[in-house]
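A.B. asks: Next comes my_file30.txt, compact mmCIF, C-alpha atoms:
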# COMPACT_ATOMS: atom_id res chain seq x y z
CA MET K 1 105.49 149.77 40.40
CA GLU K 2 102.86 151.09 42.79
CA ILE K 3 102.35 149.54 46.21
CA ASP K 4 98.77 149.45 47.49
CA LEU K 5 97.87 150.78 50.95
CA GLN K 6 97.40 147.36 52.51
CA SER K 7 100.86 146.23 51.35
CA ALA K 8 102.41 149.50 52.54
CA LEU K 9 100.93 148.97 56.00
CA LYS K 10 102.31 145.41 56.08
CA ILE K 11 105.74 146.67 55.02
CA ALA K 12 105.67 149.30 57.79
CA ASP K 13 104.69 146.66 60.35
CA ILE K 14 107.53 144.34 59.31
CA GLN K 15 109.99 147.26 59.38
CA ARG K 16 108.88 148.12 62.92
CA ARG K 17 109.25 144.52 64.09
CA LEU K 18 112.68 144.21 62.48
CA LEU K 19 113.85 147.33 64.31
CA THR K 20 112.91 145.79 67.68
CA PHE K 21 113.95 142.22 66.82
CA GLU K 22 115.92 140.45 69.58
CA ALA K 23 117.24 137.66 67.32
CA ASP K 24 115.22 134.84 68.87
CA ALA K 25 114.17 132.05 66.53
CA ASP K 26 110.41 132.20 67.21
CA THR K 27 110.12 135.93 66.49
CA GLY K 28 112.41 135.59 63.50
CA GLU K 29 110.22 132.86 62.07
CA ALA K 30 107.08 134.98 62.54
CA ILE K 31 108.66 137.97 60.75
CA LEU K 32 109.96 135.71 57.99
CA ALA K 33 106.50 134.19 57.50
CA ASP K 34 104.80 137.59 57.18
CA ALA K 35 107.48 138.83 54.78
CA ALA K 36 107.17 135.69 52.65
CA GLU K 37 103.38 136.01 52.43
CA LEU K 38 103.71 139.69 51.52
CA LEU K 39 106.14 138.71 48.76
CA ASP K 40 104.01 135.79 47.54
CA ALA K 41 106.96 133.45 48.13
CA ASP K 42 106.47 129.69 48.06
CA ALA K 43 108.98 129.16 50.90
CA ALA K 44 111.53 131.16 52.88
CA MET K 45 114.52 130.84 55.17
CA ALA K 46 116.45 133.06 57.56
CA ALA K 47 119.89 132.52 59.03
CA TRP K 48 122.10 134.49 61.39
CA LEU K 49 124.52 134.09 64.28
CA ASN K 50 123.06 134.66 67.72
CA GLU K 51 125.99 135.38 70.08
CA GLY K 52 128.16 132.94 68.15
CA THR K 53 125.51 130.25 67.66
CA PRO K 54 124.24 129.70 64.08
CA LEU K 55 120.46 129.86 63.88
CA LEU K 56 118.38 128.89 60.86
CA VAL K 57 114.59 129.14 60.60
CA THR K 58 112.33 128.33 57.68
CA TRP K 59 108.78 129.05 56.54
CA ASN K 60 106.79 126.55 54.47
CA ALA K 61 110.03 124.72 53.65
CA GLY K 62 111.09 121.19 54.33
CA PRO K 63 113.95 120.28 56.68
CA GLU K 64 116.46 119.80 53.87
CA ILE K 65 118.13 123.24 54.05
CA GLU K 66 118.77 123.10 57.80
CA GLU K 67 120.01 119.52 57.61
CA TYR K 68 122.31 120.33 54.69
CA PHE K 69 123.72 123.47 56.31
CA PHE K 70 124.69 121.77 59.54
CA ARG K 71 125.98 118.67 57.75
CA THR K 72 128.36 120.73 55.62
CA PHE K 73 129.25 123.40 58.21
CA ALA K 74 133.06 123.66 58.35
CA GLY K 75 133.58 126.36 60.95
CA VAL K 76 134.69 129.97 60.65
CA ASP K 77 137.91 131.26 59.11
CA ARG K 78 140.11 134.06 60.45
CA ASP K 79 138.25 136.66 58.36
CA GLY K 80 134.90 135.76 59.93
CA ASN K 81 133.56 133.81 56.95
CA ILE K 82 131.39 130.80 57.68
CA ARG K 83 132.86 127.97 55.63
CA SER K 84 131.24 124.91 54.04
CA THR K 85 132.60 121.55 52.93
CA ASP K 86 130.48 122.02 49.79
CA PRO K 87 132.79 124.05 47.50
CA ASP K 88 129.91 125.56 45.51
CA LEU K 89 128.01 126.67 48.62
CA ASP K 90 131.26 127.89 50.17
CA ASN K 91 131.95 130.09 47.12
CA VAL K 92 128.41 131.52 47.15
CA ASN K 93 128.66 132.30 50.88
CA LEU K 94 132.06 133.97 50.51
CA THR K 95 130.92 136.05 47.54
CA ARG K 96 127.69 137.14 49.22
CA ARG K 97 129.43 138.22 52.43
CA GLN K 98 132.11 140.12 50.50
CA MET K 99 129.40 142.00 48.59
CA GLY K 100 127.94 143.18 51.91
CA SER K 101 124.46 144.44 52.72
CA GLY K 102 122.00 144.37 49.86
CA VAL K 103 119.16 142.65 48.07
CA TYR K 104 120.44 139.96 45.73
CA HIS K 105 119.02 137.46 43.27
CA GLU K 106 120.91 134.16 43.20
CA SER K 107 122.23 135.12 39.76
CA ALA K 108 124.51 137.66 41.45
CA PHE K 109 126.58 134.77 42.81
CA ALA K 110 126.34 132.04 40.18
CA GLY K 111 124.85 131.20 36.79
CA ARG K 112 121.65 129.20 36.65
CA SER K 113 123.30 126.09 35.21
CA MET K 114 125.84 126.08 38.02
CA VAL K 115 123.07 126.51 40.62
CA GLU K 116 120.98 123.66 39.21
CA ASN K 117 123.97 121.31 39.15
CA ALA K 118 125.22 122.24 42.62
CA ALA K 119 124.72 119.81 45.49
CA PHE K 120 123.31 122.50 47.79
CA HIS K 121 120.55 123.21 45.27
CA ARG K 122 119.87 119.61 44.35
CA ASP K 123 119.90 118.25 47.93
CA ALA K 124 118.63 121.22 49.94
CA PHE K 125 117.05 124.25 48.32
CA ARG K 126 115.04 122.63 45.51
CA PRO K 127 113.49 119.85 47.67
CA ALA K 128 112.80 122.44 50.39
CA GLY K 129 110.68 124.46 47.94
CA MET K 130 113.23 127.18 47.13
CA ASN K 131 114.03 126.50 43.48
CA HIS K 132 114.69 130.21 42.73
CA VAL K 133 115.92 132.54 45.47
CA MET K 134 116.03 136.26 46.19
CA GLY K 135 116.88 137.72 49.55
CA MET K 136 118.45 140.44 51.64
CA THR K 137 121.69 140.06 53.53
CA THR K 138 123.90 142.08 55.84
CA ARG K 139 127.48 141.33 56.82
CA LEU K 140 128.24 140.65 60.48
CA ALA K 141 131.57 140.48 62.29
CA VAL K 142 131.28 136.71 61.90
CA GLY K 143 129.11 135.44 59.08
CA GLU K 144 126.05 137.33 57.94
CA ALA K 145 122.31 137.62 58.46
CA VAL K 146 120.12 136.46 55.58
CA PHE K 147 116.37 136.56 54.90
CA ALA K 148 115.72 134.70 51.63
CA MET K 149 112.52 134.12 49.66
CA GLY K 150 112.09 130.96 47.59
CA TYR K 151 109.98 130.52 44.47
CA ALA K 152 109.09 127.37 42.58
CA SER K 153 109.38 129.18 39.23
CA ALA K 154 111.41 132.06 37.86
CA ASP K 155 108.14 133.28 36.33
CA ALA K 156 106.52 133.82 39.75
CA PRO K 157 104.79 137.26 39.52
CA ALA K 158 106.61 138.79 42.51
CA LEU K 159 109.97 137.60 41.20
CA ALA K 160 109.52 138.24 37.49
CA GLY K 161 107.69 141.54 37.98
CA GLY K 162 110.26 143.02 40.35
CA ARG K 163 107.87 143.27 43.31
CA ALA K 164 110.06 141.06 45.50
CA GLU K 165 113.16 143.17 44.87
CA ILE K 166 111.32 146.46 45.53
CA ILE K 167 109.80 145.30 48.82
CA LEU K 168 113.02 143.68 50.06
CA ASN K 169 114.87 146.94 49.37
CA LEU K 170 112.27 148.74 51.48
CA LEU K 171 112.83 146.26 54.32
CA LEU K 172 116.63 146.22 53.99
CA PRO K 173 117.47 149.40 56.01
CA ALA K 174 115.58 148.19 59.10
CA PHE K 175 116.93 144.65 58.66
CA ALA K 176 120.56 145.76 58.25
CA HIS K 177 120.39 148.36 61.04
CA ARG K 178 118.96 145.92 63.58
CA PHE K 179 121.36 143.09 62.88
CA ASP K 180 124.29 145.52 62.91
CA THR K 181 123.13 146.80 66.30
CA LEU K 182 122.68 143.27 67.69
CA ASP K 183 126.10 142.29 66.34
CA ARG K 184 127.82 145.25 68.00
CA GLN K 185 125.97 144.60 71.26
CA ALA K 186 127.08 140.96 71.23
CA ARG K 187 130.70 141.92 70.58
CA ASN K 188 130.56 144.56 73.32
CA ALA K 189 129.10 141.99 75.69
CA GLU K 190 131.90 139.56 74.82
CA ARG K 191 134.55 142.21 75.45
CA LEU K 192 132.88 143.21 78.72
CA GLN K 193 132.74 139.61 79.94
CA ARG K 194 136.37 139.07 78.97
CA ALA K 195 137.36 142.21 80.90
CA ILE K 196 135.38 141.01 83.93
CA ASP K 197 137.06 137.60 83.78
CA GLU K 198 140.51 139.16 83.54
CA SER K 199 139.94 141.77 86.26
CA ASP K 200 141.02 141.25 89.86
CA MET K 201 138.21 143.55 90.97
CA ASN K 202 134.79 142.37 92.06
CA VAL K 203 132.71 143.21 88.98
CA THR K 204 129.10 142.19 88.44
CA VAL K 205 126.31 143.12 86.03
CA ARG K 206 123.09 143.99 87.83
CA ASP K 207 119.56 144.64 86.64
CA ASP K 208 119.37 147.81 88.70
CA GLN K 209 121.43 149.94 91.10
CA ARG K 210 120.41 148.11 94.25
CA GLU K 211 123.01 146.24 96.29
CA GLY K 212 123.65 142.61 95.46
CA ASP K 213 122.47 139.64 97.46
CA SER K 214 125.68 139.59 99.47
CA GLY K 215 125.09 143.14 100.65
CA SER K 216 128.50 144.24 99.37
CA ARG K 217 128.58 147.92 98.47
CA ALA K 218 130.04 148.86 95.12
CA PHE K 219 132.23 151.94 95.06
CA LEU K 220 131.24 152.54 91.43
CA THR K 221 128.02 151.65 89.60
CA LEU K 222 127.87 152.49 85.90
CA PRO K 223 124.85 152.26 83.58
CA LEU K 224 125.58 150.05 80.59
CA PRO K 225 124.69 151.44 77.15
CA GLY K 226 121.46 150.36 75.57
CA PRO K 227 117.92 149.96 76.88
CA ASP K 228 117.55 147.51 79.78
CA ALA K 229 121.27 146.71 79.61
CA GLY K 230 121.65 146.95 83.39
CA TYR K 231 124.43 148.35 85.53
CA LEU K 232 128.08 147.50 86.02
CA ALA K 233 128.90 147.35 89.74
CA ILE K 234 132.60 147.55 90.59
CA SER K 235 134.10 146.92 94.02
CA PRO K 236 137.69 146.51 95.17
CA PRO K 237 138.95 143.00 95.95
CA ASP K 238 137.75 141.78 99.32
CA ALA K 239 140.07 141.18 102.28
CA ALA K 240 140.32 137.43 101.63
CA THR K 241 141.42 138.05 98.03
CA LEU K 242 144.01 140.61 99.10
CA ALA K 243 145.30 138.34 101.87
CA ALA K 244 145.66 135.48 99.39
CA ARG K 245 147.61 137.83 97.13
CA LEU K 246 149.99 138.69 99.98
CA ALA K 247 150.40 135.01 100.79
CA GLU K 248 151.23 134.24 97.16
CA HIS K 249 153.88 136.95 96.91
CA PHE K 250 155.43 136.71 100.39
CA GLY K 251 154.95 133.07 101.31
CA LEU K 252 152.71 133.64 104.31
CA THR K 253 151.62 130.67 106.38
CA LYS K 254 147.95 129.76 106.78
CA ARG K 255 147.75 131.53 110.15
CA GLN K 256 149.57 134.58 108.84
CA THR K 257 147.20 134.72 105.87
CA ASP K 258 144.22 134.56 108.23
CA ILE K 259 145.57 137.36 110.40
CA ALA K 260 146.38 139.42 107.28
CA CYS K 261 142.75 139.01 106.23
CA CYS K 262 141.64 140.34 109.63
CA LEU K 263 143.96 143.33 109.35
CA LEU K 264 142.80 144.11 105.83
CA ASP K 265 139.22 143.88 107.09
CA GLY K 266 140.05 146.68 109.55
CA LEU K 267 139.91 144.54 112.70
CA SER K 268 141.99 145.41 115.75
CA THR K 269 144.43 142.82 117.05
CA LYS K 270 141.98 142.01 119.84
CA ASP K 271 139.08 141.51 117.43
CA ALA K 272 141.30 139.45 115.14
CA ALA K 273 142.15 137.17 118.07
CA VAL K 274 138.45 136.70 118.80
CA ARG K 275 137.63 135.92 115.17
CA MET K 276 140.46 133.39 114.90
CA GLY K 277 139.89 131.89 118.36
CA ILE K 278 143.47 132.49 119.54
CA SER K 279 145.02 134.42 122.40
CA LEU K 280 145.80 138.11 122.11
CA ASN K 281 149.55 137.47 122.40
CA THR K 282 149.44 134.87 119.63
CA ALA K 283 147.50 137.28 117.43
CA ARG K 284 150.15 139.97 118.08
CA ARG K 285 152.94 137.60 117.06
CA HIS K 286 151.14 136.73 113.84
CA CYS K 287 150.59 140.44 113.11
CA GLU K 288 154.27 141.19 113.62
CA ALA K 289 155.23 138.26 111.39
CA VAL K 290 152.98 139.51 108.58
CA LEU K 291 154.39 143.04 108.75
CA ASN K 292 157.97 141.75 108.86
CA ARG K 293 157.51 139.39 105.90
CA THR K 294 155.83 141.98 103.72
CA GLY K 295 158.03 144.88 104.76
CA ALA K 296 154.99 146.96 105.71
CA SER K 297 155.50 149.27 108.67
CA ARG K 298 151.82 149.70 109.52
CA ARG K 299 148.42 148.29 108.66
CA GLY K 300 147.49 151.03 106.21
CA GLU K 301 150.66 150.34 104.28
CA LEU K 302 149.80 146.62 104.25
CA ASN K 303 146.49 147.46 102.59
CA ARG K 304 148.10 149.64 99.93
CA LEU K 305 150.75 146.97 99.31
CA ALA K 306 148.15 144.25 98.81
CA ARG K 307 146.19 146.39 96.34
CA SER K 308 149.33 147.17 94.35
CA LEU K 309 150.15 143.50 93.75
CA THR K 310 148.89 141.77 90.65
CA ALA K 311 146.64 138.78 91.01
CA PRO K 312 148.41 135.41 90.77
CA PRO K 313 148.05 133.69 87.40
CA GLU K 314 145.33 131.10 86.92
CA PRO K 315 146.62 127.52 87.20
CA SER K 316 147.14 125.82 83.85
CA SER K 317 144.50 123.30 82.83
CA GLU K 318 147.09 121.21 81.02
Output the file's structure as structure tokens, nothing else.

C.D. replies:
Amino acid sequence: MEIDLQSALKIADIQRRLLTFEADADTGEAILADAAELLDADAAMAAWLNEGTPLLVTWNAGPEIEEYFFRTFAGVDRDGNIRSTDPDLDNVNLTRRQMGSGVYHESAFAGRSMVENAAFHRDAFRPAGMNHVMGMTTRLAVGEAVFAMGYASADAPALAGGRAEIILNLLLPAFAHRFDTLDRQARNAERLQRAIDESDMNVTVRDDQREGDSGSRAFLTLPLPGPDAGYLAISPPDAATLAARLAEHFGLTKRQTDIACCLLDGLSTKDAAVRMGISLNTARRHCEAVLNRTGASRRGELNRLARSLTAPPEPSSE
């Protein structure tokens, strides 16, 4: 089947927009609408997970599909499949995800009689204007991304003549590549955030390499992969964090913890006394007590000792 120049230009435009898609609902709906009009569809829907949140957008379709999906949503299993309380829809979803990226007519997952008698078709797709469905899908780490075209009749020219399948196959590489990229970025972001949360270092993500609002200087600033991903700024734990760590491990008193913080900040005993508002002799006694309790022979050793200790565990929420 030949594709005219105007259609080819529309296909190229949709491919370009898919390749730069940021998985927001408004842009997704606009791309879906243009694809549906190009394919002479009567209605259309798109669904994907955006950083763990299911999103579903429709074009020229009633609210029935979205309402049905969220009413029957049954969570995610250990293999990353989105499950449904509707056994027929659950089976279709499992089969489609296992088949992976591709362009599929609904007949690839179930016979027509089964589709017409299924609750998801009777209560959602048919009243929403998607009596017959063809779409493209790509498997994600959790769930999948789907762009589906709906037709009132199986004799619709684009569906019966193969035009819908040809054009969807032309759009599939851009569609699958972009959602795969977004999926990997989301999983990398999750792993990065988990590492930040578990680290006892001061780690922040910045838009650029400038110092943060606090004026703290990072000893390492790394560019994150991807355009406009920002920078990872890493600094050692501050003196207060290290002093708290010493107090946790060696049972320091409040005053001893405060003086340890001063020492770790590089203050002399005299300057520590001024900061704490105590006499020089009292400050000296606290310094000696800290060194004796920790077994450190000098201030530099106290600093190395504090950095070698692991952070205390987070208190249980139970």

A.B. asks: Residues near range 116-129 of chain K, anyone? I mean within 9 Å using only C-alpha atoms, not counting same-chain ones fewer than 2 positions away, as an MDAnalysis selection string.

C.D. replies: chainID K and resid 42:44 60:69 86 88:89 111:114 131:133 150:152

A.B. asks: One decimal, Å: what's the distance from CA of Gly266 in chain K over to CA of Leu302 in chain K, could you say?

C.D. replies: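 For CA of Gly266 in chain K relative to CA of Leu302 in chain K, the distance reads 11.1 Å.
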
A.B. asks: Point out the residue among K:Arg293, K:Pro223, K:Leu280, K:Arg184 with the least atom-to-atom distance to Thr253 in chain K, counting all atoms listed in the file.

C.D. replies: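 Nearest to Thr253 in chain K: K:Arg293.
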
A.B. asks: Find the residue from K:Arg78, K:Pro225, K:Thr95, K:Arg298 that sits nearest to Asn188 in chain K; use all atoms listed in the file when measuring.

C.D. replies: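 Using all atoms listed in the file, Asn188 in chain K sits closest to K:Pro225.
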
A.B. asks: In Å to one decimal, how far is CA of Thr20 in chain K from CA of Leu39 in chain K?

C.D. replies: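 Distance between the two atoms: 21.3 Å.
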
A.B. asks: So, counting all atoms listed in the file, which residue among K:Ile259, K:Ala240, K:Val274, K:Ala306 is closest to Glu288 in chain K?

C.D. replies: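 The shortest atom-to-atom distance to Glu288 in chain K comes from K:Ile259.
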
A.B. asks: In Å to one decimal, how far is CA of Arg97 in chain K from CA of Thr138 in chain K?

C.D. replies: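 Between these atoms lies a distance of 7.6 Å.
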
A.B. asks: Taking into account all atoms listed in the file, which residue in the set K:Thr58, K:Gln6, K:Asn303, K:Gln98 is nearest to Glu144 in chain K?

C.D. replies: K:Gln98

A.B. asks: Nearest residue to Met276 in chain K out of K:Cys262, K:Ala244, K:Ala145, K:Ala289, using all atoms listed in the file?

C.D. replies: K:Cys262

A.B. asks: With distances taken over all atoms listed in the file, which residue among K:His105, K:Arg83, K:Lys270, K:Arg285 lies nearest Glu165 in chain K?

C.D. replies: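 Result for the nearest residue to Glu165 in chain K: K:His105.
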
A.B. asks: Any chance you could work out the axis-aligned box around range 83-102 of chain K, listed atoms only, 8 Å on each side, giving centre and edge lengths in Å to one decimal, as lines of an AutoDock Vina configuration file?

C.D. replies:
center_x = 127.4
center_y = 133.0
center_z = 50.6
size_x = 26.9
size_y = 38.9
size_z = 26.1

A.B. asks: Any idea what's packed within 9 Å of Ala74 in chain K, counting all atoms listed in the file, ignoring anything in its chain fewer than 2 positions away? Could you give it as a list in words?

C.D. replies: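 Counting all atoms listed in the file, the residues come to Phe70, Arg71, Thr72, Val76, Ile82, Arg83, Ser84 and Thr85 of chain K.
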
A.B. asks: Could you add the missing atoms to range 111-134 of chain K, up to N, CA, C and O atoms, and return them as a compact mmCIF listing (two decimals), keeping the file's coordinate frame?

C.D. replies:
# COMPACT_ATOMS: atom_id res chain seq x y z
N GLY K 111 125.76 131.41 37.91
CA GLY K 111 124.85 131.20 36.79
C GLY K 111 123.83 130.12 37.10
O GLY K 111 124.06 129.25 37.96
N ARG K 112 122.73 130.14 36.36
CA ARG K 112 121.65 129.20 36.65
C ARG K 112 122.08 127.75 36.46
O ARG K 112 121.71 126.87 37.25
N SER K 113 122.87 127.47 35.44
CA SER K 113 123.30 126.09 35.21
C SER K 113 124.15 125.58 36.36
O SER K 113 124.04 124.42 36.77
N MET K 114 125.01 126.47 36.88
CA MET K 114 125.84 126.08 38.02
C MET K 114 124.97 125.81 39.24
O MET K 114 125.16 124.83 39.98
N VAL K 115 123.96 126.69 39.47
CA VAL K 115 123.07 126.51 40.62
C VAL K 115 122.33 125.18 40.53
O VAL K 115 122.27 124.40 41.49
N GLU K 116 121.79 124.88 39.36
CA GLU K 116 120.98 123.66 39.21
C GLU K 116 121.82 122.39 39.34
O GLU K 116 121.29 121.34 39.74
N ASN K 117 123.11 122.48 39.04
CA ASN K 117 123.97 121.31 39.15
C ASN K 117 124.69 121.21 40.50
O ASN K 117 125.38 120.22 40.76
N ALA K 118 124.54 122.23 41.33
CA ALA K 118 125.22 122.24 42.62
C ALA K 118 124.51 121.34 43.62
O ALA K 118 123.28 121.23 43.64
N ALA K 119 125.29 120.72 44.50
CA ALA K 119 124.72 119.81 45.49
C ALA K 119 123.79 120.54 46.46
O ALA K 119 122.75 120.01 46.86
N PHE K 120 124.16 121.79 46.82
CA PHE K 120 123.31 122.50 47.79
C PHE K 120 121.93 122.77 47.22
O PHE K 120 120.93 122.79 47.95
N HIS K 121 121.85 122.99 45.89
CA HIS K 121 120.55 123.21 45.27
C HIS K 121 119.79 121.90 45.10
O HIS K 121 118.61 121.80 45.44
N ARG K 122 120.49 120.90 44.63
CA ARG K 122 119.87 119.61 44.35
C ARG K 122 119.39 118.92 45.64
O ARG K 122 118.30 118.35 45.68
N ASP K 123 120.20 119.00 46.71
CA ASP K 123 119.90 118.25 47.93
C ASP K 123 119.19 119.07 49.00
O ASP K 123 118.68 118.49 49.96
N ALA K 124 119.19 120.40 48.86
CA ALA K 124 118.63 121.22 49.94
C ALA K 124 117.57 122.20 49.46
O ALA K 124 116.39 122.07 49.79
N PHE K 125 117.97 123.17 48.64
CA PHE K 125 117.05 124.25 48.32
C PHE K 125 115.86 123.80 47.45
O PHE K 125 114.72 124.14 47.73
N ARG K 126 116.15 123.04 46.39
CA ARG K 126 115.04 122.63 45.51
C ARG K 126 114.04 121.73 46.24
O ARG K 126 112.83 122.00 46.20
N PRO K 127 114.48 120.67 46.95
CA PRO K 127 113.49 119.85 47.67
C PRO K 127 112.81 120.58 48.82
O PRO K 127 111.71 120.19 49.24
N ALA K 128 113.42 121.66 49.31
CA ALA K 128 112.80 122.44 50.39
C ALA K 128 111.79 123.44 49.85
O ALA K 128 111.14 124.15 50.63
N GLY K 129 111.66 123.54 48.52
CA GLY K 129 110.68 124.46 47.94
C GLY K 129 111.25 125.80 47.54
O GLY K 129 110.50 126.73 47.27
N MET K 130 112.60 125.92 47.49
CA MET K 130 113.23 127.18 47.13
C MET K 130 114.06 126.99 45.87
O MET K 130 115.29 127.05 45.89
N ASN K 131 113.37 126.77 44.76
CA ASN K 131 114.03 126.50 43.48
C ASN K 131 114.73 127.75 42.94
O ASN K 131 115.83 127.67 42.38
N HIS K 132 114.09 128.91 43.10
CA HIS K 132 114.69 130.21 42.73
C HIS K 132 114.67 131.08 43.97
O HIS K 132 113.68 131.11 44.71
N VAL K 133 115.76 131.84 44.20
CA VAL K 133 115.92 132.54 45.47
C VAL K 133 116.28 134.00 45.27
O VAL K 133 117.10 134.35 44.40
N MET K 134 115.64 134.86 46.08
CA MET K 134 116.03 136.26 46.19
C MET K 134 115.94 136.63 47.66
O MET K 134 115.01 136.21 48.36
